[in-house]
file structure02.txt (compact mmCIF, C-alpha atoms)
# COMPACT_ATOMS: atom_id res chain seq x y z
CA MET Z 1066 -8.91 -7.23 -3.94
CA SER Z 1067 -6.11 -6.34 -6.32
CA GLU Z 1068 -5.21 -9.25 -8.57
CA LEU Z 1069 -1.74 -10.30 -9.65
CA VAL Z 1070 -1.54 -11.63 -13.20
CA THR Z 1071 1.22 -14.06 -14.09
CA GLY Z 1072 2.81 -14.53 -17.47
CA GLU Z 1073 0.25 -17.25 -18.24
CA ALA Z 1074 -2.56 -14.70 -17.69
CA VAL Z 1075 -3.63 -16.41 -14.46
CA ALA Z 1076 -4.99 -14.08 -11.81
CA LEU Z 1077 -3.57 -15.04 -8.44
CA GLU Z 1078 -5.72 -14.83 -5.32
CA LEU Z 1079 -3.36 -12.57 -3.35
CA ARG Z 1080 -4.41 -9.57 -1.33
CA PRO Z 1081 -1.88 -6.74 -1.10
CA ALA Z 1082 -1.18 -5.69 2.47
CA ARG Z 1083 -2.24 -2.21 3.53
CA LEU Z 1084 -0.43 0.38 5.58
CA PRO Z 1085 -1.63 -0.54 9.12
CA SER Z 1086 -0.57 -4.19 8.92
CA ARG Z 1087 2.68 -3.31 7.18
CA ALA Z 1088 3.52 -0.64 9.75
CA LEU Z 1089 2.90 -3.08 12.59
CA ALA Z 1090 5.12 -5.68 10.93
CA VAL Z 1091 7.92 -3.14 10.40
CA LEU Z 1092 7.61 -1.97 14.00
CA LEU Z 1093 7.98 -5.53 15.29
CA ASP Z 1094 11.00 -6.08 13.04
CA LEU Z 1095 12.61 -2.85 14.25
CA VAL Z 1096 12.05 -3.77 17.91
CA VAL Z 1097 13.74 -7.13 17.39
CA ALA Z 1098 16.55 -5.54 15.36
CA VAL Z 1099 17.18 -2.84 17.98
CA ILE Z 1100 17.35 -5.42 20.77
CA VAL Z 1101 19.85 -7.48 18.79
CA TYR Z 1102 21.81 -4.33 17.92
CA VAL Z 1103 22.06 -3.26 21.56
CA VAL Z 1104 23.26 -6.71 22.59
CA VAL Z 1105 25.84 -6.88 19.78
CA PHE Z 1106 27.01 -3.29 20.34
CA THR Z 1107 27.40 -3.84 24.07
CA ALA Z 1108 29.41 -6.99 23.47
CA LEU Z 1109 31.65 -5.22 20.93
CA VAL Z 1110 32.23 -2.24 23.19
CA ALA Z 1111 33.13 -4.52 26.08
CA ALA Z 1112 35.48 -6.51 23.87
CA ALA Z 1113 37.07 -3.41 22.28
CA SER Z 1114 37.32 -1.20 25.36
CA SER Z 1115 41.04 -0.88 24.85
CA LEU Z 1116 40.63 0.61 21.37
CA ASP Z 1117 40.60 4.29 20.64
CA GLU Z 1118 37.49 6.34 19.96
CA ALA Z 1119 37.73 6.11 16.16
CA ALA Z 1120 37.87 2.32 16.27
CA GLN Z 1121 34.84 2.20 18.54
CA ILE Z 1122 32.91 4.46 16.14
CA ALA Z 1123 33.85 2.20 13.25
CA LEU Z 1124 32.67 -0.83 15.18
CA SER Z 1125 29.37 0.86 16.00
CA ILE Z 1126 28.78 1.71 12.33
CA ALA Z 1127 29.69 -1.82 11.28
CA SER Z 1128 27.35 -3.32 13.86
CA PHE Z 1129 24.59 -0.93 12.75
CA LEU Z 1130 24.91 -1.96 9.12
CA LEU Z 1131 25.27 -5.61 10.03
CA VAL Z 1132 22.23 -5.85 12.31
CA LEU Z 1133 19.79 -3.18 11.11
CA VAL Z 1134 20.49 -3.50 7.38
CA GLY Z 1135 22.11 -6.87 6.76
CA GLY Z 1136 19.91 -8.72 9.25
CA PRO Z 1137 16.55 -7.98 7.54
CA ILE Z 1138 18.08 -8.74 4.13
CA ALA Z 1139 19.37 -12.11 5.30
CA VAL Z 1140 16.11 -12.99 7.06
CA GLU Z 1141 13.92 -12.11 4.05
CA THR Z 1142 16.22 -14.02 1.70
CA LEU Z 1143 16.36 -17.18 3.79
CA SER Z 1144 12.67 -17.12 4.70
CA HIS Z 1145 11.49 -16.16 1.19
CA GLY Z 1146 9.91 -12.90 2.32
CA ARG Z 1147 8.75 -13.80 5.83
CA SER Z 1148 10.44 -11.76 8.54
CA LEU Z 1149 9.43 -12.09 12.18
CA GLY Z 1150 7.09 -9.11 12.02
CA LYS Z 1151 5.52 -10.22 8.77
CA LEU Z 1152 5.13 -13.74 10.06
CA ALA Z 1153 3.32 -12.44 13.14
CA CYS Z 1154 1.01 -10.28 11.00
CA GLY Z 1155 0.41 -12.90 8.32
CA LEU Z 1156 2.28 -11.03 5.58
CA ARG Z 1157 4.85 -12.03 3.00
CA VAL Z 1158 7.02 -10.32 0.39
CA VAL Z 1159 6.62 -11.71 -3.14
CA ARG Z 1160 7.63 -10.68 -6.63
CA ASP Z 1161 5.28 -8.79 -8.90
CA ASP Z 1162 4.40 -12.06 -10.62
CA GLY Z 1163 3.62 -13.77 -7.31
CA GLY Z 1164 6.84 -15.80 -7.05
CA PRO Z 1165 9.20 -15.92 -4.06
CA ILE Z 1166 11.82 -13.20 -3.74
CA ARG Z 1167 15.57 -13.73 -4.01
CA PHE Z 1168 18.64 -12.06 -2.58
CA ARG Z 1169 18.66 -9.20 -5.09
CA HIS Z 1170 15.06 -8.29 -4.23
CA ALA Z 1171 15.78 -8.30 -0.50
CA LEU Z 1172 18.99 -6.31 -1.06
CA VAL Z 1173 17.21 -3.53 -2.96
CA ARG Z 1174 14.39 -3.40 -0.42
CA GLY Z 1175 16.83 -3.24 2.47
CA ALA Z 1176 19.05 -0.60 0.87
CA VAL Z 1177 16.13 1.69 0.01
CA GLY Z 1178 14.56 0.98 3.38
CA VAL Z 1179 17.54 2.59 5.14
CA VAL Z 1180 16.56 5.91 3.58
CA GLU Z 1181 12.75 5.73 3.59
CA ILE Z 1182 12.33 3.98 6.95
CA LEU Z 1183 15.36 4.51 9.18
CA MET Z 1184 16.57 7.97 8.12
CA THR Z 1185 13.10 9.51 7.71
CA PHE Z 1186 11.45 7.57 10.55
CA GLY Z 1187 9.10 5.88 8.08
CA VAL Z 1188 7.52 9.09 6.76
CA VAL Z 1189 8.55 8.51 3.14
CA ALA Z 1190 7.48 4.86 3.30
CA CYS Z 1191 4.06 5.79 4.69
CA ILE Z 1192 3.45 8.41 2.01
CA ALA Z 1193 4.52 6.06 -0.78
CA SER Z 1194 2.33 3.27 0.59
CA LEU Z 1195 -0.70 5.56 0.79
CA VAL Z 1196 -0.20 6.84 -2.75
CA SER Z 1197 0.38 3.40 -4.29
CA ALA Z 1198 -2.69 1.49 -5.43
CA ARG Z 1199 -1.27 -1.74 -4.00
CA GLY Z 1200 0.33 -0.24 -0.90
CA ARG Z 1201 3.92 -0.49 -2.13
CA ARG Z 1202 6.75 1.61 -0.70
CA LEU Z 1203 9.73 2.83 -2.74
CA GLY Z 1204 11.76 -0.26 -1.92
CA ASP Z 1205 9.04 -2.44 -3.39
CA VAL Z 1206 8.83 -0.30 -6.52
CA PHE Z 1207 12.58 -0.45 -7.21
CA ALA Z 1208 12.85 -4.15 -6.30
CA GLY Z 1209 9.73 -5.22 -8.18
CA THR Z 1210 8.13 -6.76 -5.09
CA LEU Z 1211 4.85 -6.61 -3.24
CA VAL Z 1212 3.81 -7.34 0.33
CA VAL Z 1213 0.72 -9.55 0.39
CA ARG Z 1214 -1.50 -11.10 3.02
CA GLU Z 1215 -1.18 -14.83 3.52
CA ARG Z 1216 -3.99 -15.20 6.05
CA VAL Z 1217 -7.08 -14.53 3.99
CA PRO Z 1218 -10.63 -15.87 4.25
CA VAL Z 1219 -11.57 -18.96 2.30
CA ALA Z 1220 -11.58 -18.06 -1.34
CA ARG Z 1221 -14.86 -18.06 -3.21
CA GLY Z 1222 -13.25 -19.28 -6.40
CA HIS Z 1223 -13.26 -22.98 -5.42
CA PHE Z 1224 -16.94 -23.47 -6.27
CA VAL Z 1225 -17.62 -25.65 -9.29
CA PRO Z 1226 -20.37 -23.98 -11.33
CA PRO Z 1227 -23.30 -26.26 -12.21
CA PRO Z 1228 -24.08 -27.03 -15.84
CA PRO Z 1229 -26.98 -25.32 -17.62
CA PRO Z 1230 -30.33 -26.90 -16.71
CA TRP Z 1231 -30.93 -28.05 -20.28
CA LEU Z 1232 -27.61 -29.98 -20.19
CA ALA Z 1233 -28.21 -31.69 -16.85
CA GLY Z 1234 -28.65 -35.40 -17.46
CA ARG Z 1235 -27.79 -35.09 -21.15
CA PHE Z 1236 -24.88 -37.52 -20.76
CA ALA Z 1237 -26.65 -39.97 -18.45
CA GLY Z 1238 -25.89 -43.05 -20.54
CA LEU Z 1239 -22.29 -42.11 -21.33
CA ASP Z 1240 -19.47 -44.42 -20.29
CA LEU Z 1241 -16.95 -42.38 -18.28
CA SER Z 1242 -14.76 -45.24 -17.13
CA ALA Z 1243 -12.00 -44.44 -19.65
CA VAL Z 1244 -11.43 -40.92 -18.31
CA PRO Z 1245 -8.43 -40.87 -15.92
CA ASP Z 1246 -8.57 -39.18 -12.56
CA GLY Z 1247 -5.89 -36.69 -13.60
CA LEU Z 1248 -8.09 -35.35 -16.38
CA TRP Z 1249 -11.04 -35.00 -14.00
CA LEU Z 1250 -8.81 -33.06 -11.63
CA ALA Z 1251 -7.69 -30.75 -14.44
CA VAL Z 1252 -11.32 -30.14 -15.44
CA ARG Z 1253 -12.29 -29.35 -11.86
CA GLN Z 1254 -9.38 -26.96 -11.41
CA TYR Z 1255 -10.24 -25.19 -14.63
CA LEU Z 1256 -13.91 -24.79 -13.69
CA THR Z 1257 -13.06 -23.40 -10.26
CA ARG Z 1258 -10.64 -20.83 -11.70
CA MET Z 1259 -12.07 -20.02 -15.11
CA GLN Z 1260 -13.39 -16.65 -13.91
CA GLN Z 1261 -9.81 -15.66 -13.02
CA LEU Z 1262 -8.39 -16.47 -16.45
CA ASP Z 1263 -8.02 -14.27 -19.44
CA PRO Z 1264 -11.01 -14.97 -21.75
CA GLN Z 1265 -8.88 -16.14 -24.67
CA VAL Z 1266 -6.65 -18.30 -22.48
CA GLY Z 1267 -9.65 -19.77 -20.69
CA TRP Z 1268 -11.41 -20.60 -23.96
CA ALA Z 1269 -8.30 -22.33 -25.31
CA MET Z 1270 -7.90 -24.38 -22.12
CA ALA Z 1271 -11.56 -25.39 -22.20
CA GLU Z 1272 -11.29 -26.52 -25.82
CA ARG Z 1273 -8.19 -28.58 -25.05
CA LEU Z 1274 -9.82 -30.27 -22.06
CA ALA Z 1275 -13.02 -30.89 -24.04
CA THR Z 1276 -10.99 -32.49 -26.83
CA ASP Z 1277 -9.34 -34.84 -24.33
CA LEU Z 1278 -12.72 -35.82 -22.90
CA VAL Z 1279 -14.20 -36.43 -26.34
CA ALA Z 1280 -11.24 -38.66 -27.22
CA ARG Z 1281 -11.90 -40.82 -24.15
CA THR Z 1282 -15.69 -40.84 -24.12
CA GLY Z 1283 -16.54 -40.63 -27.82
CA ALA Z 1284 -19.31 -38.12 -27.12
CA PRO Z 1285 -18.69 -34.69 -28.64
CA ALA Z 1286 -20.32 -31.61 -27.24
CA PRO Z 1287 -23.73 -30.77 -28.71
CA GLU Z 1288 -23.71 -28.16 -31.42
CA GLY Z 1289 -23.63 -24.65 -30.04
CA VAL Z 1290 -22.61 -25.70 -26.52
CA PRO Z 1291 -19.55 -23.83 -25.17
CA PRO Z 1292 -16.63 -26.01 -24.08
CA ALA Z 1293 -16.92 -24.83 -20.46
CA ALA Z 1294 -20.58 -25.88 -20.30
CA TYR Z 1295 -19.68 -29.26 -21.80
CA LEU Z 1296 -16.99 -29.76 -19.14
CA ALA Z 1297 -19.38 -28.72 -16.37
CA ALA Z 1298 -22.03 -31.18 -17.59
CA LEU Z 1299 -19.62 -34.12 -17.70
CA LEU Z 1300 -18.13 -33.28 -14.31
CA HIS Z 1301 -21.60 -32.93 -12.83
CA GLU Z 1302 -22.53 -36.32 -14.26
CA ARG Z 1303 -19.47 -37.91 -12.70
CA GLN Z 1304 -20.15 -36.29 -9.32
CA THR Z 1305 -23.73 -37.54 -9.49
CA ARG Z 1306 -22.54 -41.07 -10.08
CA GLU Z 1307 -19.99 -40.80 -7.28
CA ALA Z 1308 -22.76 -39.63 -4.96
CA ARG Z 1309 -24.89 -42.59 -5.95
CA ARG Z 1310 -21.97 -44.90 -5.39
CA ALA Z 1311 -21.44 -43.48 -1.90
CA PHE Z 1312 -25.08 -43.28 -0.81
CA GLY Z 1313 -27.02 -45.47 -3.22
CA GLY Z 1314 -25.89 -48.79 -1.80
CA GLY Z 1315 -24.21 -50.29 -4.86
CA PRO Z 1316 -21.54 -49.77 -7.53
CA VAL Z 1317 -22.24 -47.45 -10.37
CA GLY Z 1318 -21.73 -48.38 -13.96
CA ASN Z 1319 -23.37 -45.95 -16.32
CA GLY Z 1320 -26.15 -44.98 -14.01
CA VAL Z 1321 -28.29 -46.90 -11.57
CA PRO Z 1322 -26.47 -48.42 -8.57
CA GLY Z 1323 -25.81 -52.09 -9.04
CA VAL Z 1324 -26.89 -52.14 -12.71
CA ARG Z 1325 -24.00 -51.69 -15.11
CA GLY Z 1326 -24.92 -49.98 -18.32
CA ALA Z 1327 -28.38 -48.87 -17.17
CA PRO Z 1328 -29.29 -45.27 -17.93
CA VAL Z 1329 -29.17 -42.70 -15.19
CA PRO Z 1330 -32.48 -41.10 -14.21
CA PRO Z 1331 -32.72 -37.52 -15.46
CA VAL Z 1332 -31.16 -34.91 -13.24
CA GLY Z 1333 -33.43 -32.11 -12.20
CA MET Z 1334 -32.81 -28.43 -12.64
CA SER Z 1335 -31.82 -28.08 -9.00
CA GLY Z 1336 -28.69 -30.12 -9.63
CA GLY Z 1337 -29.72 -33.13 -7.54
CA TYR Z 1338 -30.41 -36.63 -8.77
CA ALA Z 1339 -33.58 -38.68 -8.71
CA PRO Z 1340 -33.28 -41.69 -6.38
CA PRO Z 1341 -34.01 -45.09 -7.90
CA ALA Z 1342 -37.62 -46.22 -7.61
CA PRO Z 1343 -38.25 -49.01 -5.09
CA PRO Z 1344 -38.88 -52.47 -6.59
CA PRO Z 1345 -42.56 -53.26 -7.21
CA GLN Z 1346 -44.21 -55.27 -4.50
CA PRO Z 1347 -46.51 -58.23 -5.38
CA PRO Z 1348 -50.18 -57.38 -4.99
CA ARG Z 1349 -51.64 -58.46 -1.71
CA ALA Z 1350 -54.73 -60.72 -1.76
CA GLU Z 1351 -57.78 -58.83 -0.69
CA ALA Z 1352 -60.04 -60.38 1.87
CA GLY Z 1353 -63.41 -61.18 0.23
CA PRO Z 1354 -66.48 -63.23 0.96
CA ARG Z 1355 -65.93 -66.95 1.18
CA PRO Z 1356 -67.55 -69.05 -1.57
CA PRO Z 1357 -70.81 -70.66 -0.60
CA ALA Z 1358 -70.62 -74.18 0.60
CA GLY Z 1359 -72.02 -76.80 -1.79
CA ARG Z 1360 -74.50 -79.50 -1.10
CA PRO Z 1361 -73.57 -82.33 1.27
CA GLY Z 1362 -71.16 -84.72 -0.34
CA GLU Z 1363 -70.30 -82.26 -3.13
CA GLN Z 1364 -66.79 -80.87 -3.39
CA PRO Z 1365 -66.42 -77.16 -3.71
CA ALA Z 1366 -65.48 -75.83 -7.15
CA THR Z 1367 -61.85 -75.14 -6.42
CA GLY Z 1368 -60.33 -76.78 -9.45
CA PHE Z 1369 -58.65 -79.46 -7.30
CA VAL Z 1370 -59.61 -83.08 -7.88
CA PRO Z 1371 -58.81 -85.35 -4.92
CA PRO Z 1372 -57.09 -88.60 -5.72
CA ALA Z 1373 -59.30 -91.62 -6.11
call {"tool": "encode", "arguments": {"input": "structure02.txt", "output": "structure tokens"}}
result
Amino acid sequence: MSELVTGEAVALELRPARLPSRALAVLLDLVVAVIVYVVVFTALVAAASSLDEAAQIALSIASFLLVLVGGPIAVETLSHGRSLGKLACGLRVVRDDGGPIRFRHALVRGAVGVVEILMTFGVVACIASLVSARGRRLGDVFAGTLVVRERVPVARGHFVPPPPPWLAGRFAGLDLSAVPDGLWLAVRQYLTRMQQLDPQVGWAMAERLATDLVARTGAPAPEGVPPAAYLAALLHERQTREARRAFGGGPVGNGVPGVRGAPVPPVGMSGGYAPPAPPPQPPRAEAGPRPPAGRPGEQPATGFVPPA
């Protein structure tokens, strides 16, 4: 998968479209454009039957430019890169930085497309797409655009990496109630996308998020622990407490359900949490031999003195 890197050094999860899907999308667009052109041309010829031959030729050229050139430009501009063919094939035209295209991008693509698609029957466009590493034709090169796939499998980058085993449970007794939900969301988004970031940018973001967490929890990262590992450990601790809250049968303070401020049992290396131990049961009386009966008229030695 070819990655697109924005100005913030963020690698976007976009897959450039290849020649077969692009050719099918162009073919569908041309079929629709030709049908519209025939309808418009027939209507113009019927309406201008009284004109001379030169006027009819001018009308045919104008209808050609209007439908086959201006139509795709208008559709891509208004739909932000989704023509009918591209919509059917799950494709979209975007800028090199991943943003939506504008009129000038669609205009350049449409103008160059007249030469490389219509006049050469798509031969030049196919050659350029095969040579390009990202499947771009000449119109995309001059316009600074790229055709990408919108229908892609579920991305693998949304997995939150677990903390190192030696950090699991390290912050069991930490109070996380002062951390807002927005900061937790930012930490989760960073951890799911940190492999797509530039190393320097990712390290700076991790340090900034770690500083915010330290300011709200009062627990700095242990010496020698990277900021990303510190963030993963705190997020894992919060998820563990949320799981206990959902399945443990009671609210969670700093650990055990229903006991505010109690320490959390240590988290194992597998990433799970140890369930709370059941409350101790009182020992059951064991059945033993009955004490021997005393002599007649003598009370058994039970420690109970009957009232006089």
call {"tool": "closest_residue", "arguments": {"input": "structure02.txt", "among": "Z:Ala1153, Z:Gly1204, Z:Asp1162, Z:Ala1198", "to": "Ala1176 (chain Z)", "atoms": "all atoms listed in the file"}}
result
Z:Gly1204
call {"tool": "atom_distance", "arguments": {"input": "structure02.txt", "atom1": "CA of Val1110 (chain Z)", "atom2": "CA of Leu1131 (chain Z)"}}
result
15.3 Å
call {"tool": "residues_near_point", "arguments": {"input": "structure02.txt", "point": "(-3.3, -1.9, 10.0)", "cutoff": "12 Å", "atoms": "all atoms listed in the file", "output": "CSV table (one decimal) with C-alpha atoms, in the coordinates of the input"}}
result
chain,number,residue,atom,x,y,z
Z,1082,ALA,CA,-1.2,-5.7,2.5
Z,1083,ARG,CA,-2.2,-2.2,3.5
Z,1084,LEU,CA,-0.4,0.4,5.6
Z,1085,PRO,CA,-1.6,-0.5,9.1
Z,1086,SER,CA,-0.6,-4.2,8.9
Z,1087,ARG,CA,2.7,-3.3,7.2
Z,1088,ALA,CA,3.5,-0.6,9.8
Z,1089,LEU,CA,2.9,-3.1,12.6
Z,1090,ALA,CA,5.1,-5.7,10.9
Z,1091,VAL,CA,7.9,-3.1,10.4
Z,1092,LEU,CA,7.6,-2.0,14.0
Z,1154,CYS,CA,1.0,-10.3,11.0
Z,1155,GLY,CA,0.4,-12.9,8.3
Z,1156,LEU,CA,2.3,-11.0,5.6
Z,1191,CYS,CA,4.1,5.8,4.7
Z,1200,GLY,CA,0.3,-0.2,-0.9
Z,1214,ARG,CA,-1.5,-11.1,3.0
call {"tool": "atom_distance", "arguments": {"input": "structure02.txt", "atom1": "CA of Leu1133 (chain Z)", "atom2": "CA of Ile1100 (chain Z)"}}
result
10.2 Å
call {"tool": "residues_around", "arguments": {"input": "structure02.txt", "residues": "Ala1280 (chain Z)", "least_positions_apart": "4", "cutoff": "12 Å", "atoms": "all atoms listed in the file", "output": "list in words"}}
result
Leu1241, Ala1243, Val1244, Pro1245, Leu1248, Arg1273, Leu1274, Ala1275, Thr1276, Ala1284, Pro1285 and Ala1286 of chain Z
call {"tool": "write_last_selection", "arguments": {"input": "structure02.txt", "atoms": "C-alpha atoms", "output": "tab-separated table (two decimals), in the frame of the given file"}}
result
chain	number	residue	atom	x	y	z
Z	1241	LEU	CA	-16.95	-42.38	-18.28
Z	1243	ALA	CA	-12.00	-44.44	-19.65
Z	1244	VAL	CA	-11.43	-40.92	-18.31
Z	1245	PRO	CA	-8.43	-40.87	-15.92
Z	1248	LEU	CA	-8.09	-35.35	-16.38
Z	1273	ARG	CA	-8.19	-28.58	-25.05
Z	1274	LEU	CA	-9.82	-30.27	-22.06
Z	1275	ALA	CA	-13.02	-30.89	-24.04
Z	1276	THR	CA	-10.99	-32.49	-26.83
Z	1284	ALA	CA	-19.31	-38.12	-27.12
Z	1285	PRO	CA	-18.69	-34.69	-28.64
Z	1286	ALA	CA	-20.32	-31.61	-27.24
call {"tool": "atom_distance", "arguments": {"input": "structure02.txt", "atom1": "CA of Gly1135 (chain Z)", "atom2": "CA of Leu1172 (chain Z)"}}
result
8.4 Å
call {"tool": "residues_around", "arguments": {"input": "structure02.txt", "residues": "Leu1130 (chain Z)", "least_positions_apart": "6", "cutoff": "10 Å", "atoms": "all atoms listed in the file", "output": "number ranges by chain"}}
result
Z: 1102, 1124, 1136, 1179
call {"tool": "axis_aligned_box", "arguments": {"input": "structure02.txt", "around": "region 1115-1126 of chain Z", "padding_each_side": "8 Å", "output": "JSON"}}
result
{"center_x": 34.9, "center_y": 2.7, "center_z": 18.6, "size_x": 28.3, "size_y": 23.2, "size_z": 28.5}
call {"tool": "closest_residue", "arguments": {"input": "structure02.txt", "among": "Z:Glu1302, Z:Asp1161, Z:Asp1246, Z:Asp1240", "to": "Asp1205 (chain Z)", "atoms": "all atoms listed in the file"}}
result
Z:Asp1161
call {"tool": "closest_residue", "arguments": {"input": "structure02.txt", "among": "Z:Thr1142, Z:Ser1194, Z:Ser1128, Z:Thr1257", "to": "Ala1098 (chain Z)", "atoms": "all atoms listed in the file"}}
result
Z:Ser1128
call {"tool": "residues_near_point", "arguments": {"input": "structure02.txt", "point": "(16.4, -1.3, -3.5)", "cutoff": "9 Å", "atoms": "all atoms listed in the file", "output": "ChimeraX atom specification"}}
result
/Z:1169-1178,1203-1208
call {"tool": "residues_around", "arguments": {"input": "structure02.txt", "residues": "Leu1232 (chain Z)", "least_positions_apart": "4", "cutoff": "9 Å", "atoms": "all atoms listed in the file", "output": "number ranges by chain"}}
result
Z: 1228, 1236, 1294-1295, 1298
call {"tool": "closest_residue", "arguments": {"input": "structure02.txt", "among": "Z:Val1213, Z:Ala1269, Z:Leu1239, Z:Val1096", "to": "Val1132 (chain Z)", "atoms": "all atoms listed in the file"}}
result
Z:Val1096
call {"tool": "decode", "arguments": {"input": "structure02.txt", "residues": "region 1255-1270 of chain Z", "atoms": "N, CA, C and O atoms", "output": "mmCIF file, in the first residue's frame"}}
result
data_model
loop_
_atom_site.group_PDB
_atom_site.id
_atom_site.type_symbol
_atom_site.label_atom_id
_atom_site.label_comp_id
_atom_site.auth_asym_id
_atom_site.auth_seq_id
_atom_site.Cartn_x
_atom_site.Cartn_y
_atom_site.Cartn_z
ATOM 1 N N TYR Z 1255 -3.562 8.353 19.325
ATOM 2 C CA TYR Z 1255 -2.113 8.353 19.089
ATOM 3 C C TYR Z 1255 -1.571 6.926 19.067
ATOM 4 O O TYR Z 1255 -0.771 6.568 18.190
ATOM 5 N N LEU Z 1256 -1.983 6.101 20.028
ATOM 6 C CA LEU Z 1256 -1.463 4.739 20.095
ATOM 7 C C LEU Z 1256 -1.867 3.901 18.890
ATOM 8 O O LEU Z 1256 -1.119 3.034 18.452
ATOM 9 N N THR Z 1257 -3.049 4.139 18.347
ATOM 10 C CA THR Z 1257 -3.479 3.379 17.177
ATOM 11 C C THR Z 1257 -2.785 3.820 15.898
ATOM 12 O O THR Z 1257 -2.746 3.068 14.928
ATOM 13 N N ARG Z 1258 -2.235 5.033 15.877
ATOM 14 C CA ARG Z 1258 -1.633 5.553 14.652
ATOM 15 C C ARG Z 1258 -0.156 5.902 14.811
ATOM 16 O O ARG Z 1258 0.426 6.526 13.929
ATOM 17 N N MET Z 1259 0.462 5.508 15.907
ATOM 18 C CA MET Z 1259 1.838 5.937 16.116
ATOM 19 C C MET Z 1259 2.806 5.276 15.136
ATOM 20 O O MET Z 1259 3.872 5.825 14.856
ATOM 21 N N GLN Z 1260 2.444 4.102 14.591
ATOM 22 C CA GLN Z 1260 3.315 3.475 13.604
ATOM 23 C C GLN Z 1260 3.265 4.191 12.254
ATOM 24 O O GLN Z 1260 4.129 3.964 11.407
ATOM 25 N N GLN Z 1261 2.270 5.044 12.048
ATOM 26 C CA GLN Z 1261 2.140 5.768 10.788
ATOM 27 C C GLN Z 1261 2.742 7.163 10.860
ATOM 28 O O GLN Z 1261 2.720 7.885 9.871
ATOM 29 N N LEU Z 1262 3.257 7.550 12.015
ATOM 30 C CA LEU Z 1262 3.800 8.886 12.193
ATOM 31 C C LEU Z 1262 5.298 8.893 11.967
ATOM 32 O O LEU Z 1262 5.981 7.875 12.133
ATOM 33 N N ASP Z 1263 5.779 10.048 11.603
ATOM 34 C CA ASP Z 1263 7.222 10.235 11.559
ATOM 35 C C ASP Z 1263 7.782 10.044 12.972
ATOM 36 O O ASP Z 1263 7.171 10.478 13.950
ATOM 37 N N PRO Z 1264 8.940 9.373 13.119
ATOM 38 C CA PRO Z 1264 9.451 9.089 14.473
ATOM 39 C C PRO Z 1264 9.603 10.325 15.346
ATOM 40 O O PRO Z 1264 9.234 10.310 16.527
ATOM 41 N N GLN Z 1265 10.131 11.406 14.809
ATOM 42 C CA GLN Z 1265 10.310 12.614 15.611
ATOM 43 C C GLN Z 1265 8.976 13.233 15.997
ATOM 44 O O GLN Z 1265 8.770 13.649 17.143
ATOM 45 N N VAL Z 1266 8.047 13.274 15.039
ATOM 46 C CA VAL Z 1266 6.719 13.825 15.336
ATOM 47 C C VAL Z 1266 5.996 12.955 16.348
ATOM 48 O O VAL Z 1266 5.364 13.450 17.289
ATOM 49 N N GLY Z 1267 6.082 11.642 16.185
ATOM 50 C CA GLY Z 1267 5.428 10.745 17.126
ATOM 51 C C GLY Z 1267 5.994 10.855 18.528
ATOM 52 O O GLY Z 1267 5.253 10.824 19.515
ATOM 53 N N TRP Z 1268 7.318 10.997 18.647
ATOM 54 C CA TRP Z 1268 7.927 11.139 19.969
ATOM 55 C C TRP Z 1268 7.482 12.440 20.640
ATOM 56 O O TRP Z 1268 7.186 12.463 21.840
ATOM 57 N N ALA Z 1269 7.404 13.519 19.862
ATOM 58 C CA ALA Z 1269 6.976 14.800 20.429
ATOM 59 C C ALA Z 1269 5.517 14.730 20.885
ATOM 60 O O ALA Z 1269 5.166 15.255 21.955
ATOM 61 N N MET Z 1270 4.661 14.090 20.098
ATOM 62 C CA MET Z 1270 3.262 13.949 20.504
ATOM 63 C C MET Z 1270 3.133 13.108 21.763
ATOM 64 O O MET Z 1270 2.340 13.423 22.663
#
